[in-house]
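S.K.: Input final-v7.cif, format and content: mmCIF, C-alpha atoms.
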```cif
data_target
#
loop_
_atom_site.group_PDB
_atom_site.id
_atom_site.type_symbol
_atom_site.label_atom_id
_atom_site.label_comp_id
_atom_site.auth_asym_id
_atom_site.auth_seq_id
_atom_site.Cartn_x
_atom_site.Cartn_y
_atom_site.Cartn_z
ATOM 1 C CA MET A 1 98.032 79.369 126.642
ATOM 2 C CA ARG A 2 101.258 78.323 125.013
ATOM 3 C CA GLN A 3 101.022 78.655 121.261
ATOM 4 C CA VAL A 4 103.327 76.551 119.122
ATOM 5 C CA LYS A 5 103.579 78.089 115.681
ATOM 6 C CA PRO A 6 104.732 75.883 112.805
ATOM 7 C CA LYS A 7 108.040 76.934 111.291
ATOM 8 C CA ALA A 8 108.427 74.229 108.694
ATOM 9 C CA ALA A 9 106.028 72.673 106.238
ATOM 10 C CA VAL A 10 106.035 69.028 105.254
ATOM 11 C CA GLU A 11 108.599 68.302 102.566
ATOM 12 C CA GLU A 12 107.413 66.962 99.222
ATOM 13 C CA LYS A 13 108.862 64.130 97.184
ATOM 14 C CA PRO A 14 107.824 62.499 93.903
ATOM 15 C CA SER A 15 105.441 59.711 94.902
ATOM 16 C CA SER A 16 101.885 58.575 94.452
ATOM 17 C CA ASN A 17 100.662 60.843 97.237
ATOM 18 C CA GLY A 18 103.261 63.603 96.895
ATOM 19 C CA PHE A 19 104.058 63.354 100.596
ATOM 20 C CA ALA A 20 107.404 62.485 102.197
ATOM 21 C CA VAL A 21 105.729 60.350 104.836
ATOM 22 C CA GLN A 22 108.598 58.246 106.065
ATOM 23 C CA LYS A 23 111.083 61.089 106.209
ATOM 24 C CA VAL A 24 108.712 63.274 108.218
ATOM 25 C CA ILE A 25 107.706 60.521 110.635
ATOM 26 C CA SER A 26 111.311 59.474 111.212
ATOM 27 C CA ALA A 27 112.252 63.081 111.946
ATOM 28 C CA ILE A 28 109.350 63.443 114.412
ATOM 29 C CA VAL A 29 110.328 60.275 116.295
ATOM 30 C CA ALA A 30 114.010 61.256 116.317
ATOM 31 C CA ASP A 31 113.281 64.764 117.621
ATOM 32 C CA ILE A 32 111.134 63.497 120.490
ATOM 33 C CA GLY A 33 113.802 60.885 121.215
ATOM 34 C CA LYS A 34 116.251 63.705 121.957
ATOM 35 C CA VAL A 35 113.967 64.801 124.783
ATOM 36 C CA LEU A 36 112.675 61.434 126.023
ATOM 37 C CA LEU A 37 115.739 59.237 125.952
ATOM 38 C CA GLY A 38 115.465 55.495 125.367
ATOM 39 C CA LYS A 39 111.692 55.419 124.857
ATOM 40 C CA GLU A 40 111.330 55.004 121.090
ATOM 41 C CA HIS A 41 108.590 52.356 121.359
ATOM 42 C CA GLN A 42 106.451 54.518 123.640
ATOM 43 C CA VAL A 43 107.029 57.555 121.420
ATOM 44 C CA LYS A 44 105.836 55.609 118.382
ATOM 45 C CA LEU A 45 102.766 54.403 120.259
ATOM 46 C CA ALA A 46 101.900 57.966 121.277
ATOM 47 C CA LEU A 47 102.371 59.189 117.718
ATOM 48 C CA ALA A 48 100.263 56.328 116.356
ATOM 49 C CA CYS A 49 97.517 57.269 118.791
ATOM 50 C CA LEU A 50 97.391 60.847 117.526
ATOM 51 C CA LEU A 51 97.633 59.826 113.872
ATOM 52 C CA ALA A 52 94.635 57.541 114.471
ATOM 53 C CA ARG A 53 92.742 60.590 115.817
ATOM 54 C CA GLY A 54 92.672 59.197 119.334
ATOM 55 C CA HIS A 55 93.264 60.463 122.849
ATOM 56 C CA LEU A 56 96.124 59.166 124.952
ATOM 57 C CA LEU A 57 96.311 58.198 128.628
ATOM 58 C CA ILE A 58 99.778 57.910 130.191
ATOM 59 C CA GLU A 59 99.825 56.106 133.528
ATOM 60 C CA ASP A 60 103.015 56.123 135.539
ATOM 61 C CA LEU A 61 104.746 57.352 138.658
ATOM 62 C CA PRO A 62 105.600 61.062 138.965
ATOM 63 C CA GLY A 63 108.828 62.161 137.315
ATOM 64 C CA MET A 64 108.891 59.620 134.483
ATOM 65 C CA GLY A 65 108.562 62.132 131.619
ATOM 66 C CA LYS A 66 104.805 62.076 130.988
ATOM 67 C CA THR A 67 104.507 65.844 130.718
ATOM 68 C CA THR A 68 107.688 66.064 128.667
ATOM 69 C CA LEU A 69 106.327 63.614 126.090
ATOM 70 C CA ALA A 70 103.067 65.553 125.705
ATOM 71 C CA HIS A 71 104.867 68.876 125.317
ATOM 72 C CA ALA A 72 107.332 67.434 122.817
ATOM 73 C CA LEU A 73 104.510 66.023 120.688
ATOM 74 C CA ALA A 74 102.834 69.422 120.597
ATOM 75 C CA GLN A 75 106.101 71.083 119.613
ATOM 76 C CA VAL A 76 107.061 68.804 116.723
ATOM 77 C CA LEU A 77 103.485 68.497 115.390
ATOM 78 C CA GLY A 78 103.021 72.273 115.388
ATOM 79 C CA LEU A 79 99.970 72.221 117.674
ATOM 80 C CA SER A 80 98.734 74.873 120.084
ATOM 81 C CA TYR A 81 99.242 73.496 123.570
ATOM 82 C CA ASN A 82 97.727 73.947 127.007
ATOM 83 C CA ARG A 83 98.514 72.156 130.234
ATOM 84 C CA VAL A 84 96.058 71.863 133.112
ATOM 85 C CA GLN A 85 97.150 70.587 136.511
ATOM 86 C CA PHE A 86 94.160 68.695 137.890
ATOM 87 C CA THR A 87 93.472 69.065 141.614
ATOM 88 C CA SER A 88 90.725 67.958 143.972
ATOM 89 C CA ASP A 89 89.135 71.435 144.090
ATOM 90 C CA MET A 90 89.057 71.992 140.324
ATOM 91 C CA LEU A 91 85.688 72.791 138.742
ATOM 92 C CA PRO A 92 84.469 72.019 135.187
ATOM 93 C CA ALA A 93 84.528 75.743 134.368
ATOM 94 C CA ASP A 94 88.266 75.745 135.031
ATOM 95 C CA ILE A 95 88.629 73.507 131.972
ATOM 96 C CA LEU A 96 85.813 74.559 129.657
ATOM 97 C CA GLY A 97 85.584 78.283 130.360
ATOM 98 C CA VAL A 98 83.030 80.632 131.872
ATOM 99 C CA SER A 99 80.739 83.509 130.872
ATOM 100 C CA VAL A 100 81.466 86.738 132.734
ATOM 101 C CA PHE A 101 79.128 89.732 132.865
ATOM 102 C CA GLU A 102 80.772 92.910 131.572
ATOM 103 C CA ARG A 103 79.280 96.036 133.022
ATOM 104 C CA ASP A 104 80.364 98.341 130.194
ATOM 105 C CA SER A 105 78.621 96.348 127.464
ATOM 106 C CA GLY A 106 75.826 95.048 129.656
ATOM 107 C CA GLN A 107 76.379 91.560 128.241
ATOM 108 C CA PHE A 108 77.930 88.264 129.188
ATOM 109 C CA ARG A 109 81.213 87.475 127.474
ATOM 110 C CA PHE A 110 82.530 83.926 127.225
ATOM 111 C CA HIS A 111 86.120 83.393 128.298
ATOM 112 C CA GLN A 112 87.551 80.233 126.775
ATOM 113 C CA GLY A 113 89.076 77.640 129.045
ATOM 114 C CA PRO A 114 92.267 75.707 128.315
ATOM 115 C CA VAL A 115 90.298 73.007 126.480
ATOM 116 C CA PHE A 116 90.232 75.349 123.479
ATOM 117 C CA SER A 117 93.623 74.234 122.202
ATOM 118 C CA GLN A 118 94.723 71.627 119.701
ATOM 119 C CA LEU A 119 96.522 69.543 122.305
ATOM 120 C CA LEU A 120 95.356 69.614 125.909
ATOM 121 C CA LEU A 121 97.505 68.000 128.584
ATOM 122 C CA ALA A 122 95.283 66.960 131.485
ATOM 123 C CA ASP A 123 98.004 66.400 134.053
ATOM 124 C CA GLU A 124 97.204 63.991 136.898
ATOM 125 C CA ILE A 125 93.589 63.711 135.804
ATOM 126 C CA ASN A 126 92.752 61.219 138.517
ATOM 127 C CA ARG A 127 93.480 63.764 141.250
ATOM 128 C CA SER A 128 90.287 65.660 140.376
ATOM 129 C CA SER A 129 86.739 64.761 141.318
ATOM 130 C CA PRO A 130 84.574 62.602 139.020
ATOM 131 C CA LYS A 131 82.457 65.684 138.227
ATOM 132 C CA THR A 132 85.460 67.507 136.830
ATOM 133 C CA GLN A 133 86.726 64.432 135.016
ATOM 134 C CA SER A 134 83.380 64.067 133.261
ATOM 135 C CA ALA A 135 83.642 67.630 131.942
ATOM 136 C CA LEU A 136 86.109 66.316 129.376
ATOM 137 C CA LEU A 137 83.793 63.586 128.048
ATOM 138 C CA GLU A 138 81.877 65.611 125.469
ATOM 139 C CA ALA A 139 85.034 67.399 124.362
ATOM 140 C CA MET A 140 86.895 64.144 123.824
ATOM 141 C CA GLU A 141 84.073 62.380 122.022
ATOM 142 C CA GLU A 142 82.392 65.170 120.061
ATOM 143 C CA ARG A 143 85.219 67.700 119.677
ATOM 144 C CA GLN A 144 82.829 70.311 121.044
ATOM 145 C CA VAL A 145 81.528 71.615 124.365
ATOM 146 C CA SER A 146 78.103 72.884 125.418
ATOM 147 C CA ILE A 147 78.206 75.875 127.743
ATOM 148 C CA ASP A 148 75.276 78.113 128.709
ATOM 149 C CA GLY A 149 73.081 76.382 126.169
ATOM 150 C CA GLU A 150 75.471 77.082 123.282
ATOM 151 C CA THR A 151 77.600 74.543 121.462
ATOM 152 C CA ARG A 152 81.148 75.659 120.796
ATOM 153 C CA GLN A 153 83.459 73.825 118.414
ATOM 154 C CA LEU A 154 86.975 72.984 119.530
ATOM 155 C CA PRO A 155 90.038 73.570 117.339
ATOM 156 C CA GLU A 156 90.853 71.061 114.622
ATOM 157 C CA PRO A 157 92.697 68.831 115.208
ATOM 158 C CA PHE A 158 91.963 68.297 118.904
ATOM 159 C CA PHE A 159 93.708 65.818 121.181
ATOM 160 C CA VAL A 160 93.693 65.124 124.894
ATOM 161 C CA ILE A 161 96.754 63.609 126.500
ATOM 162 C CA ALA A 162 95.967 62.778 130.106
ATOM 163 C CA THR A 163 98.377 61.566 132.731
ATOM 164 C CA GLN A 164 97.453 59.698 135.862
ATOM 165 C CA ASN A 165 99.299 58.323 138.830
ATOM 166 C CA PRO A 166 98.839 54.722 139.944
ATOM 167 C CA LEU A 167 95.734 54.317 142.096
ATOM 168 C CA GLN A 168 97.764 53.423 145.170
ATOM 169 C CA GLN A 169 99.065 56.998 145.159
ATOM 170 C CA SER A 170 97.302 59.214 147.698
ATOM 171 C CA GLY A 171 94.539 61.578 146.610
ATOM 172 C CA THR A 172 93.469 59.748 143.453
ATOM 173 C CA PHE A 173 90.025 58.958 142.044
ATOM 174 C CA VAL A 174 89.353 55.979 139.793
ATOM 175 C CA LEU A 175 88.475 56.951 136.214
ATOM 176 C CA PRO A 176 85.108 55.405 135.292
ATOM 177 C CA GLU A 177 84.969 52.859 132.467
ATOM 178 C CA SER A 178 83.058 55.323 130.263
ATOM 179 C CA GLN A 179 85.928 57.794 130.428
ATOM 180 C CA LEU A 180 88.662 55.186 130.101
ATOM 181 C CA ASP A 181 87.015 54.037 126.875
ATOM 182 C CA ARG A 182 87.405 57.543 125.439
ATOM 183 C CA PHE A 183 91.162 57.020 125.375
ATOM 184 C CA LEU A 184 92.338 55.148 122.312
ATOM 185 C CA MET A 185 95.497 54.040 124.122
ATOM 186 C CA ARG A 186 96.936 53.782 127.598
ATOM 187 C CA ILE A 187 100.698 53.558 127.851
ATOM 188 C CA SER A 188 103.344 53.580 130.569
ATOM 189 C CA LEU A 189 106.849 54.998 130.191
ATOM 190 C CA GLY A 190 108.606 53.155 132.996
ATOM 191 C CA TYR A 191 112.064 53.785 134.386
ATOM 192 C CA PRO A 192 114.770 54.928 131.945
ATOM 193 C CA THR A 193 117.410 52.545 130.682
ATOM 194 C CA ARG A 194 120.848 52.649 132.288
ATOM 195 C CA GLU A 195 122.265 54.407 129.216
ATOM 196 C CA ALA A 196 119.507 57.037 129.199
ATOM 197 C CA GLU A 197 119.837 57.707 132.907
ATOM 198 C CA ARG A 198 123.614 57.978 132.625
ATOM 199 C CA ALA A 199 123.136 60.603 129.914
ATOM 200 C CA LEU A 200 120.920 62.535 132.320
ATOM 201 C CA PHE A 201 123.580 62.305 134.998
ATOM 202 C CA GLN A 202 126.170 63.584 132.530
ATOM 203 C CA GLY A 203 124.225 66.741 131.821
ATOM 204 C CA VAL A 204 121.707 66.017 129.062
ATOM 205 C CA ASP A 205 118.897 68.427 129.998
ATOM 206 C CA PRO A 206 115.489 67.398 128.550
ATOM 207 C CA ARG A 207 114.082 70.879 129.165
ATOM 208 C CA ALA A 208 116.851 72.491 127.167
ATOM 209 C CA GLN A 209 116.335 69.954 124.368
ATOM 210 C CA LEU A 210 112.590 70.618 124.460
ATOM 211 C CA ALA A 211 113.100 74.345 124.029
ATOM 212 C CA GLN A 212 115.123 73.678 120.874
ATOM 213 C CA LEU A 213 112.477 71.568 119.152
ATOM 214 C CA ASN A 214 110.923 73.054 116.014
ATOM 215 C CA PRO A 215 107.694 71.896 114.354
ATOM 216 C CA ARG A 216 108.259 69.305 111.651
ATOM 217 C CA ILE A 217 104.741 69.677 110.245
ATOM 218 C CA ASN A 218 101.773 71.976 110.613
ATOM 219 C CA SER A 219 98.116 71.130 111.164
ATOM 220 C CA GLY A 220 97.614 70.671 107.423
ATOM 221 C CA GLY A 221 100.463 68.168 107.250
ATOM 222 C CA LEU A 222 99.092 66.332 110.256
ATOM 223 C CA LYS A 223 95.692 66.002 108.571
ATOM 224 C CA LYS A 224 97.407 64.502 105.520
ATOM 225 C CA LEU A 225 99.109 61.918 107.685
ATOM 226 C CA GLN A 226 95.804 61.093 109.374
ATOM 227 C CA ALA A 227 94.154 60.657 105.986
ATOM 228 C CA LEU A 228 96.906 58.255 104.935
ATOM 229 C CA VAL A 229 96.210 56.118 108.010
ATOM 230 C CA GLY A 230 92.755 55.388 106.619
ATOM 231 C CA GLN A 231 94.309 54.233 103.342
ATOM 232 C CA VAL A 232 96.377 51.459 104.922
ATOM 233 C CA LYS A 233 94.880 48.236 103.569
ATOM 234 C CA ALA A 234 93.739 45.281 105.647
ATOM 235 C CA SER A 235 93.387 41.906 103.934
ATOM 236 C CA ASP A 236 90.544 39.503 104.662
ATOM 237 C CA SER A 237 92.912 37.164 106.509
ATOM 238 C CA LEU A 238 94.107 40.051 108.674
ATOM 239 C CA LEU A 239 90.540 41.029 109.506
ATOM 240 C CA ASP A 240 89.852 37.378 110.358
ATOM 241 C CA TYR A 241 92.721 37.524 112.865
ATOM 242 C CA LEU A 242 91.324 40.750 114.304
ATOM 243 C CA GLU A 243 87.911 39.128 114.715
ATOM 244 C CA ARG A 244 89.442 36.137 116.503
ATOM 245 C CA LEU A 245 91.206 38.448 118.950
ATOM 246 C CA VAL A 246 88.001 40.364 119.646
ATOM 247 C CA GLN A 247 85.902 37.227 120.031
ATOM 248 C CA HIS A 248 88.475 35.784 122.428
ATOM 249 C CA THR A 249 87.974 38.736 124.786
ATOM 250 C CA ARG A 250 84.211 38.216 124.686
ATOM 251 C CA GLN A 251 84.241 34.459 125.165
ATOM 252 C CA SER A 252 87.190 33.827 127.461
ATOM 253 C CA PRO A 253 86.201 33.139 131.092
ATOM 254 C CA GLU A 254 89.171 35.284 132.126
ATOM 255 C CA CYS A 255 87.519 38.427 130.724
ATOM 256 C CA ALA A 256 84.527 39.738 132.632
ATOM 257 C CA VAL A 257 83.915 42.294 129.869
ATOM 258 C CA GLY A 258 85.308 41.952 126.354
ATOM 259 C CA LEU A 259 86.142 44.518 123.702
ATOM 260 C CA SER A 260 83.190 46.558 122.455
ATOM 261 C CA PRO A 261 82.749 47.361 118.745
ATOM 262 C CA ARG A 262 84.312 50.749 119.475
ATOM 263 C CA GLY A 263 87.276 49.025 121.100
ATOM 264 C CA ALA A 264 87.653 46.703 118.100
ATOM 265 C CA LEU A 265 87.641 49.659 115.700
ATOM 266 C CA ALA A 266 90.161 51.433 117.926
ATOM 267 C CA LEU A 267 92.468 48.440 117.585
ATOM 268 C CA LEU A 268 92.167 48.494 113.789
ATOM 269 C CA HIS A 269 92.772 52.252 113.520
ATOM 270 C CA ALA A 270 95.772 52.116 115.847
ATOM 271 C CA ALA A 271 97.283 49.196 113.928
ATOM 272 C CA ARG A 272 96.906 51.106 110.658
ATOM 273 C CA ALA A 273 98.717 54.081 112.163
ATOM 274 C CA TRP A 274 101.478 51.784 113.438
ATOM 275 C CA ALA A 275 101.901 50.312 109.951
ATOM 276 C CA LEU A 276 102.115 53.807 108.425
ATOM 277 C CA ILE A 277 104.788 54.841 110.931
ATOM 278 C CA HIS A 278 106.838 51.856 109.803
ATOM 279 C CA GLY A 279 106.440 52.629 106.108
ATOM 280 C CA ARG A 280 103.840 50.009 105.180
ATOM 281 C CA GLY A 281 100.681 50.507 103.175
ATOM 282 C CA HIS A 282 99.140 47.252 104.382
ATOM 283 C CA LEU A 283 98.560 45.659 107.771
ATOM 284 C CA LEU A 284 100.536 42.759 109.216
ATOM 285 C CA PRO A 285 99.590 40.670 112.262
ATOM 286 C CA GLU A 286 102.594 42.227 113.989
ATOM 287 C CA ASP A 287 100.937 45.642 113.712
ATOM 288 C CA LEU A 288 97.898 44.440 115.648
ATOM 289 C CA GLN A 289 100.116 42.785 118.241
ATOM 290 C CA ALA A 290 102.259 45.911 118.673
ATOM 291 C CA VAL A 291 99.323 48.147 119.627
ATOM 292 C CA LEU A 292 97.111 45.531 121.321
ATOM 293 C CA PRO A 293 98.410 46.050 124.903
ATOM 294 C CA ALA A 294 98.003 49.822 124.685
ATOM 295 C CA VAL A 295 94.544 49.659 123.082
ATOM 296 C CA ALA A 296 92.977 46.737 124.940
ATOM 297 C CA GLY A 297 94.730 46.711 128.315
ATOM 298 C CA HIS A 298 92.526 49.394 129.897
ATOM 299 C CA ARG A 299 89.331 48.130 128.262
ATOM 300 C CA LEU A 300 89.415 44.528 129.455
ATOM 301 C CA GLN A 301 87.955 43.745 132.851
ATOM 302 C CA SER A 302 88.634 40.711 134.971
ATOM 303 C CA ASP A 303 88.477 39.641 138.583
ATOM 304 C CA GLY A 304 91.882 40.439 140.017
ATOM 305 C CA THR A 305 93.838 40.077 136.751
ATOM 306 C CA ASP A 306 95.574 43.038 135.170
ATOM 307 C CA GLY A 307 94.397 43.895 131.657
ATOM 308 C CA GLY A 308 97.965 43.809 130.391
ATOM 309 C CA GLN A 309 98.375 40.234 131.565
ATOM 310 C CA LEU A 310 95.147 39.266 129.811
ATOM 311 C CA VAL A 311 96.460 40.753 126.569
ATOM 312 C CA GLU A 312 99.743 38.855 126.832
ATOM 313 C CA ARG A 313 97.924 35.566 127.314
ATOM 314 C CA MET A 314 95.540 36.344 124.480
ATOM 315 C CA MET A 315 98.366 36.876 121.986
ATOM 316 C CA HIS A 316 99.701 33.415 122.819
ATOM 317 C CA GLN A 317 96.297 31.727 122.747
ATOM 318 C CA VAL A 318 94.864 33.186 119.505
ATOM 319 C CA ASP A 319 96.386 31.808 116.319
ATOM 320 C CA ILE A 320 97.382 34.204 113.567
ATOM 321 C CA ILE A 321 96.110 31.722 110.968
ATOM 322 C CA ALA A 322 92.792 30.003 111.589
ATOM 323 C CA ALA A 323 92.997 26.283 112.234
#
```
What is this structure when it is put down as structure tokens?

M.R.:
Amino acid sequence: MRQVKPKAAVEEKPSSNGFAVQKVISAIVADIGKVLLGKEHQVKLALACLLARGHLLIEDLPGMGKTTLAHALAQVLGLSYNRVQFTSDMLPADILGVSVFERDSGQFRFHQGPVFSQLLLADEINRSSPKTQSALLEAMEERQVSIDGETRQLPEPFFVIATQNPLQQSGTFVLPESQLDRFLMRISLGYPTREAERALFQGVDPRAQLAQLNPRINSGGLKKLQALVGQVKASDSLLDYLERLVQHTRQSPECAVGLSPRGALALLHAARAWALIHGRGHLLPEDLQAVLPAVAGHRLQSDGTDGGQLVERMMHQVDIIAA
């Protein structure tokens, strides 16, 4: 297990909450940007996901920086970090842990699995069997695991960042809808920009940059940021817009399955975190639109139409202000 120990506490400033929110968040985004070049939007989405207390799914081709992003987040947020490489022969005990009989004491002793960390990277999760994938469900939803009839609490905070390869890649298993819904967001990093790739060619080493990252906050500071997310205000007109978006997914003939109440709440929480990252204490329609593809894209089902395309159409079809 790789332990990331915080070296710096959150700075204070005279304000209503005594917390230098914008300075800390800007520093976090800038630090990760030194490792993952040219991906500021995706970095902010990932950070918003964690600030909203959600789990993150990153879907992309191998070699795009998925693992680097997860490791960088753990470093700058001061979280203990474990990475598990999922394979077809992996068993649930490889993730959760196992009880081993010790002859000297005559008792079983539980050996914790990698899930007992504050940030777990489930790398290439769709290369494992559905049985192993489902072992994460209780941990992700309840922040606890039940092993040998005993319930064991996971560290606080607890996040899962899972990566998966596109389904056309060999040796992959489709994640069931019940597990997809456990992820607050699904994002894709995509190919680097020309400028970012040129910097790589000229010797910018992401691994070396990653090793130099220091925690900007500790777990206590992270909890303060998460609490501030819940304080971001949403006006009645904004909630009306949110309801119209949700109802569109449930009524449109293009959507076989619309957003559930949990999905609607996920959209609201993620939008609040996005607003906080950008220094606002109240929601704007643009905040909902910024996180909508990442929150709703993997939840919407349709016959032959990608969820991302459905989201793009929805944003054009649903008016911000009711007619």

S.K.: Please write the residues picked by the PyMOL selection byres ((chain A and resi 28) around 9) on this file as a PyMOL selection string.

M.R.: chain A and resi 23-27+29-33+47+73+76-77+215-217

S.K.: Between A:Ile187, A:Gly263, A:Val115, A:Leu228, which has the minimum distance to Ala20 (chain A) (counting all atoms listed in the file)?

M.R.: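 The closest residue to Ala20 (chain A) is A:Leu228.
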
S.K.: Sort by chain and increasing residue number a table of all residues of region 16-84 of chain A within 8 Å of region 222-226 of chain A, each with its closest pair of atoms and their distance in Å to one decimal, counting all atoms listed in the file, and write it as a tab-separated table.

M.R.:
```
residue	atom	partner	partner_atom	distance
A:Val21	CA	A:Leu225	CA	7.4
A:Leu51	CA	A:Gln226	CA	5.0
A:Ala52	CA	A:Gln226	CA	6.3
A:Arg53	CA	A:Gln226	CA	7.2
A:Leu77	CA	A:Leu222	CA	7.1
```

S.K.: Box for region 265-271 of chain A - axis-aligned, 8 Å on each of the six sides, all listed atoms - centre and size in Å to one decimal, as JSON.

M.R.:
```
{"center_x": 92.5, "center_y": 50.3, "center_z": 115.7, "size_x": 25.6, "size_y": 19.8, "size_z": 20.4}
```

S.K.: Out of A:Arg198, A:Arg262, A:Arg272, A:His55, which residue has the shortest atom-to-atom distance to Ala290 (chain A) when counting only C-alpha atoms?

M.R.: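 Selected residue with least distance to Ala290 (chain A): A:Arg272.
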
S.K.: For a cut-off of 8 Å around (85.7, 68.1, 139.7), file coordinates, pick out all residues using all atoms listed in the file and list them as a list in words.

M.R.: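 Protein and nucleic acid residues near the point are Ser88, Asp89, Met90, Leu91, Pro92, Ser128, Ser129, Pro130, Lys131, Thr132, Gln133 and Ser134 of chain A.
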
S.K.: Can you tell me how far CA of Ile125 (chain A) sits from CA of Val174 (chain A), in Å to one decimal?

M.R.: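 Rounded to one decimal, the two atoms are 9.7 Å apart.
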
S.K.: Near Arg152 (chain A), within 12 Å and counting all atoms listed in the file, which residues show up once chain neighbours fewer than 5 positions away are dropped, as number ranges by chain?

M.R.: A: 96-97, 110-113, 115-116, 138-139, 142-147

S.K.: Restricting it to C-alpha atoms, dump the selection as a PDB file, in the coordinates of the input.

M.R.:
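Contents of the output file again19.pdb:
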```pdb
ATOM      1  CA  LEU A  96      85.813  74.559 129.657  1.00  0.00           C
ATOM      2  CA  GLY A  97      85.584  78.283 130.360  1.00  0.00           C
ATOM      3  CA  PHE A 110      82.530  83.926 127.225  1.00  0.00           C
ATOM      4  CA  HIS A 111      86.120  83.393 128.298  1.00  0.00           C
ATOM      5  CA  GLN A 112      87.551  80.233 126.775  1.00  0.00           C
ATOM      6  CA  GLY A 113      89.076  77.640 129.045  1.00  0.00           C
ATOM      7  CA  VAL A 115      90.298  73.007 126.480  1.00  0.00           C
ATOM      8  CA  PHE A 116      90.232  75.349 123.479  1.00  0.00           C
ATOM      9  CA  GLU A 138      81.877  65.611 125.469  1.00  0.00           C
ATOM     10  CA  ALA A 139      85.034  67.399 124.362  1.00  0.00           C
ATOM     11  CA  GLU A 142      82.392  65.170 120.061  1.00  0.00           C
ATOM     12  CA  ARG A 143      85.219  67.700 119.677  1.00  0.00           C
ATOM     13  CA  GLN A 144      82.829  70.311 121.044  1.00  0.00           C
ATOM     14  CA  VAL A 145      81.528  71.615 124.365  1.00  0.00           C
ATOM     15  CA  SER A 146      78.103  72.884 125.418  1.00  0.00           C
ATOM     16  CA  ILE A 147      78.206  75.875 127.743  1.00  0.00           C
TER      17      ILE A 147
END
```

S.K.: Return the single residue from A:His298, A:Leu61, A:Val246, A:Arg83 that is closest to Ser178 (chain A), with distances computed using only C-alpha atoms.

M.R.: A:His298

S.K.: Give me, as number ranges by chain, all polymer residues having an atom no more than 8 Å from Lys39 (chain A), counting all atoms listed in the file and skipping those fewer than 4 positions away in the same chain.

M.R.: A: 33, 43, 189, 192

S.K.: At a cut-off of 7 Å, using only C-alpha atoms, what residues contact region 118-123 of chain A? Leave out same-chain residues fewer than 3 positions from it and give the result as a count of residues only.

M.R.: 21

S.K.: Hey, which of A:Gly78, A:Cys49, A:Val291, A:Val232 ends up closest to Gly220 (chain A)? Count all atoms listed in the file.

M.R.: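 Distance minimum relative to Gly220 (chain A) lands on A:Gly78.
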
S.K.: Using all atoms listed in the file, pick whichever of A:Val35, A:Asp60, A:Val100, A:Gly230 has the shortest atom-to-atom distance to Leu276 (chain A).

M.R.: A:Gly230

S.K.: Using all atoms listed in the file, find the one residue out of A:Asp94, A:Glu312, A:Asp306, A:Glu197 that sits nearest to Ala256 (chain A).

M.R.: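 With all atoms listed in the file as the atom set, the closest residue is A:Asp306.
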
S.K.: Rounded to one decimal in Å, what is the spacing between CA of Leu300 (chain A) and CA of Ser235 (chain A)?

M.R.: 26.0 Å

S.K.: Between CA of Gln22 (chain A) and CA of Gly279 (chain A), what is the distance, to one decimal in Å?

M.R.: 6.0 Å

S.K.: Determine the residue set returned by the PyMOL selection byres ((chain A and resi 295) around 8) for the present structure, and present it as a list in words.

M.R.: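 That expression, the PyMOL selection byres ((chain A and resi 295) around 8), corresponds here to Leu184, Met185, Arg186, Gly263, Ala266, Leu267, Ala270, Val291, Leu292, Pro293, Ala294, Ala296, Gly297, His298 and Arg299 of chain A.
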